[in-house]
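Trainee: First, the structure itself, so that you have it in front of you.
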2 protein chains.
Amino acid sequence: MKIGDYLIGAVRAAGVRHVFGIQGDYVLAFYARLCASDLTVVNTCDEPGAGFAADAYARVSGFGAVCVTYGVGGLKLANTTAQAFAERSPVLVISGAPGVSERRGDPLLHHKVRSFDTQLKVFREMTVAQAVLDNPDTAASEIERVLAAVKKHKRPGYLELPRDMVLAETVPTGAPPAEQPATDPAALAEALAEVMGMLAAARRPLVVVGLEVHRFGLEQSVLNLLERTGFPFVTGVMGKSVLPETHPGFVGVYAGAMSPPEVRDAVEEADCVLAVGPLVTDLATGMFTQRLDPGRTVAVGQEWIWVRHHAYLGIGIQAFLESVTQAWPETRPAASLVARGQEPEPFVPEAGRRVAIARLIPCLQTFLDHRTTVIAEPGDALFSALDLRVHEMSEFLSPAYYASLGFAVPAAIGVQLADPGRRPLVLVGDGAFQMSGTELSTALRYGLSPIVVILNNGGYGTFRPMVDGPFNDLQPWRYAELPGLIGGGLGFTVTTEDQLASALAAARENTSSPTLIDLRLSRDDGSPRLKQLTGQLKQRTRGGPAAA
Amino acid sequence: MKIGDYLIGAVRAAGVRHVFGIQGDYVLAFYARLCASDLTVVNTCDEPGAGFAADAYARVSGFGAVCVTYGVGGLKLANTTAQAFAERSPVLVISGAPGVSERRGDPLLHHKVRSFDTQLKVFREMTVAQAVLDNPDTAASEIERVLAAVKKHKRPGYLELPRDMVLAETVPTGAPPAEQPATDPAALAEALAEVMGMLAAARRPLVVVGLEVHRFGLEQSVLNLLERTGFPFVTGVMGKSVLPETHPGFVGVYAGAMSPPEVRDAVEEADCVLAVGPLVTDLATGMFTQRLDPGRTVAVGQEWIWVRHHAYLGIGIQAFLESVTQAWPETRPAASLVARGQEPEPFVPEAGRRVAIARLIPCLQTFLDHRTTVIAEPGDALFSALDLRVHEMSEFLSPAYYASLGFAVPAAIGVQLADPGRRPLVLVGDGAFQMSGTELSTALRYGLSPIVVILNNGGYGTFRPMVDGPFNDLQPWRYAELPGLIGGGLGFTVTTEDQLASALAAARENTSSPTLIDLRLSRDDGSPRLKQLTGQLKQRTRGGPAAA
């Protein structure tokens, strides 16, 4: 079997139906094979758009792939791949490359940087496995090795395919059996006994749900535990929407000092916290303002279970969760820590009232339905959206840790292609939109219908309260004209609540093309969460050692 | 003196007046110092725009600087910095970073990838010197070390500034004395005697001028040699416009089989070739189709002088050129190998005639004046433009070796800020324009007036003759609407020659904002040089070992 075709089959077997990227002469031969396969190639405007779309596709479907040319294509993916690594998104990067036979004598072939392995070395820093497919004898097994690592660690992998190897014959090996995490029964029994004792004695137990619950497919295991125990739960910022926010036990999104009071109380006054798959990052904890006393915490991760101040190793996270559920003596009703009606109050727009973040969230809350997937760009788009209550599982995406700007618009492409039943609602600042907003063209080209709301405050509003200067300003664009430029879609400029309501209504009806809403906020508007965070961030941006 | 201010002073002393970039919280403190200095901060829409602009600025002015935040900013510069490395452009990358005191305990700070030195490791692959300024005692000397290496090698350097070091006090050291390339007098005398013998005996001597002549400031030394000897000269693709193309000895741009016949004859029938600062790359030689017999060639580079099949080391390139000039017995008039009038025939547009590449070049030739700097994107924009005869030195820019798409529009910003007397004329394909064309917004914001001509053939026309498929197509944009979107500038859609002439006339008058011309070419239009090259490229893109 030809190496190119074997690779296509392996990617297909990983569940991929769409490959994102831009061609180039070193990858043209492989593109020709891709187009002849049952995979759909999705061309973005620029390579970073493909990288972000593949990341979002992976977050929704479990595996993503991006395919580009050597150097000028691959190195444009350094940032998007770094984000996928940091946030555990299983993306396979496939890069074309100069042919093995062309490299003899180390000639100055175009797109070469320092040496032919420069790009490989760069990707070693941001992928869990890498291979250059320069040997037909080992190509199939190398492909399987890299794919298995991506699936196991939920982090990016890198395959480089020299162009004269695309049609070379390799020996199919097939995917290796998936490694099952082994569990030491004695360690499990000991940990279980200890944790059950803590949970049984707790008067205010609480579960904290983190990102890894989603990445490693543990949603049902956690839900079973919640159904059995009746424990209330919060999610971290990274874990938002991992479990349904309509669940009766759901309290809110916890982010340290950057949390609403009822969520903060629930967490900080709990006497036993079971944290599942947490990722303790600075932005997600209001700059480490979380108050989780380790002495009353059980933290369950992929590689360890921390109980108070000691750790157990060698226990599978799923085995542990299931053991707790089975060991719990009786099914209890879900504890409701927060008073909550079945549905939020419908938002009633006031004609002529200037749009503002504080009332945008209730407005969008009314607009959301079970098909909506909210995609929030880092910055105040994310902080505002934390208080949006989304309906189903995994209907909220944001790079809340690595926090690269430029993610949200291309991510909408990945989300809707991964699941055509979803309608992406993108919340993006104007600064980030100027980076990658033209990828709306790609959404249009492939018949997608994201709704993009630009939180337009004339600049980088998240930074203004920290250190302000002309560098936080932007050239004011007439964003609503973008659909005209790219040849389709609807565009609205909105300054009042009634205009916003009309624009959202039109967006809901427009299921055949993108809708863009330029929301003209006042320059100093910002969410309450941002204002809480800014105080924490500001002292760190002063520039001196005293800021530590 | 504070580290931040010392760095600003050192960058200023290198001749920089504009720093390109986008801020972020890890670099805000340094941005505040930058804004208080006499350097001008230029904010692009996205970081790659800043990287390309700084590269172009460096090519024109001799040193460029780009300043971004950690991770999400820095890693977006991997591709632009790789290009600067490959093509010897002296760009300093300054990245903010988490504070030294914040890193204790290795917390999950936002923008971190694998570890705090991930970004440093990436930049080691594409810079000649690196430093993390985490020690006030050594910060000044580290800054000087990195800057000296950038100036010496004309390649990028990397400085990472933790945010709690910006205001820390360092001890100024001052720039070290520039290293003068040492020349071994005995080696010089031996080489000179041998080369003079070859040159004196030659009946058809020829000089080939390469990129390094520009990068290392050797233009006048080469001109002196040409004035004295009367030798005719060609430039390589990378060296185009390094010497004035109006010089009587200029024959044309040599690119192997991809050359006009008179240029090919001049080079391939020469009996002694003196190649100065050559960079022998694939695209620049029509896929290594150059015919330069080493047995009749003297190649003078930074690190060696090759005479026929042996090399001399330890001879400064400038010292060698000056010695040849001095040793030449008499001043001879310039040999004119090609018949040429003083000025090209003025182009007369035909009303209603469809625009086509073949007649675009004569049209633009008439339009060029001594203030125009042509910037050509890789692909057919570059191949077409090789036959434009530019007026002064270094009035042509193109990444003809590394060949990253997305360069040309942001490069125009760097060129015009580096030298406000220049008027950039950008030739860019529609594919590349969709990558970074919105940086026209940055040009508008800073009062610049580039003229951007989009060679719009509805897709990646350079690849179509190699392997075609839907991946070579693009969403058709109404490019002329971009000025409306970004809030200023002129836009024209052009299908006929008379429309093109009017648009160019309007562009010439519009010196206060960008002008964009959407040139609607037929789908299969292409330059004669592209057609020559395609044959060479096509067999390499087939995908099999046979293509080698």
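Labels for the structure tokens follow display order: chains A, B, ..., residues from 1 in each chain, ligands from 1.
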Excluding same-chain residues fewer than 5 positions from Arg33 (chain A), what lies within 9 Å of it counting only C-alpha atoms, as a PyMOL selection string?
Mentor: chain A and resi 4-5+8+28+166
Trainee: Using only C-alpha atoms, determine which residues lie at most 10 Å from Ala480 (chain B), disregarding the query and same-chain residues fewer than 4 positions distant; provide the list as a list in words.
Mentor: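 Neighbouring residues, sequence-local ones excluded: Leu485 of chain A; Ile454, Gly484, Leu485, Gly489, Leu490, Gly491, Phe492, Thr493, Val494, Thr515, Leu516, Ile517, Asp518 and Leu519 of chain B.
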Trainee: From the options A:Ser323, A:Gln536, A:Thr246, A:Thr118, which residue's atoms come nearest to chain B, counting only C-alpha atoms?
Mentor: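 Smallest distance to chain B is found for A:Thr118.
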Trainee: Smallest atom-to-atom distance to chain A: which of B:Gly21, B:Gly197, B:Gly249, B:Pro177, using only C-alpha atoms?
Mentor: B:Gly21
Trainee: Run DSSP on the backbone and tell me which residues of region 109-190 of chain A come out as helix (DSSP H, G or I); list them as a PyMOL selection string.
Mentor: chain A and resi 118-124+136-153+163-165+185-190
Trainee: I'd like the neighbourhood of Ala82 (chain A) as a count of residues only, where a residue qualifies if any of its atoms comes within 10 Å (using only C-alpha atoms), though same-chain residues fewer than 5 positions away should be ignored.
Mentor: 21
Trainee: Using only C-alpha atoms for the distances, tell me which of A:Tyr401, A:Phe433, A:Phe367, A:Trp328 is nearest to chain B.
Mentor: A:Tyr401
Trainee: Show which residues sit within 8 Å of region 10-17 of chain A, as a ChimeraX atom specification. Count only C-alpha atoms, and ignore same-chain residues fewer than 4 positions away.
Mentor: /A:6,38-40,61-65,143-144,175
Trainee: If DSSP is run on the backbone, what residues of region 157-403 of chain A are strand (DSSP E or B)? A reply as a ChimeraX atom specification would be ideal.
Mentor: /A:157-162,169,205-209,233-236,250-255,257,272-276,281,297-300,305-307,310-312,354,372-376,396-397
Trainee: Extract, using only C-alpha atoms, all DNA, RNA and protein residues at most 7 Å from Val171 (chain A), discarding same-chain residues fewer than 3 positions from it, and format them as a PyMOL selection string.
Mentor: chain A and resi 1+137+140
Trainee: One number please: CA of Val27 (chain A) to CA of Gly73 (chain A), in Å, one decimal.
Mentor: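 Calculated distance between CA of Val27 (chain A) and CA of Gly73 (chain A) is 9.9 Å.
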Trainee: Using only C-alpha atoms for the distances, tell me which of B:Ala270, B:Leu500, B:Val60, B:Val42 is nearest to Ser398 (chain B).
Mentor: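 Using only C-alpha atoms, the shortest distance to Ser398 (chain B) belongs to B:Val60.
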Trainee: With distances taken over only C-alpha atoms, which residue among B:Pro107, B:Gly96, B:Gly230, B:Gly236 lies nearest chain A?
Mentor: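 Distance minimum relative to chain A lands on B:Pro107.
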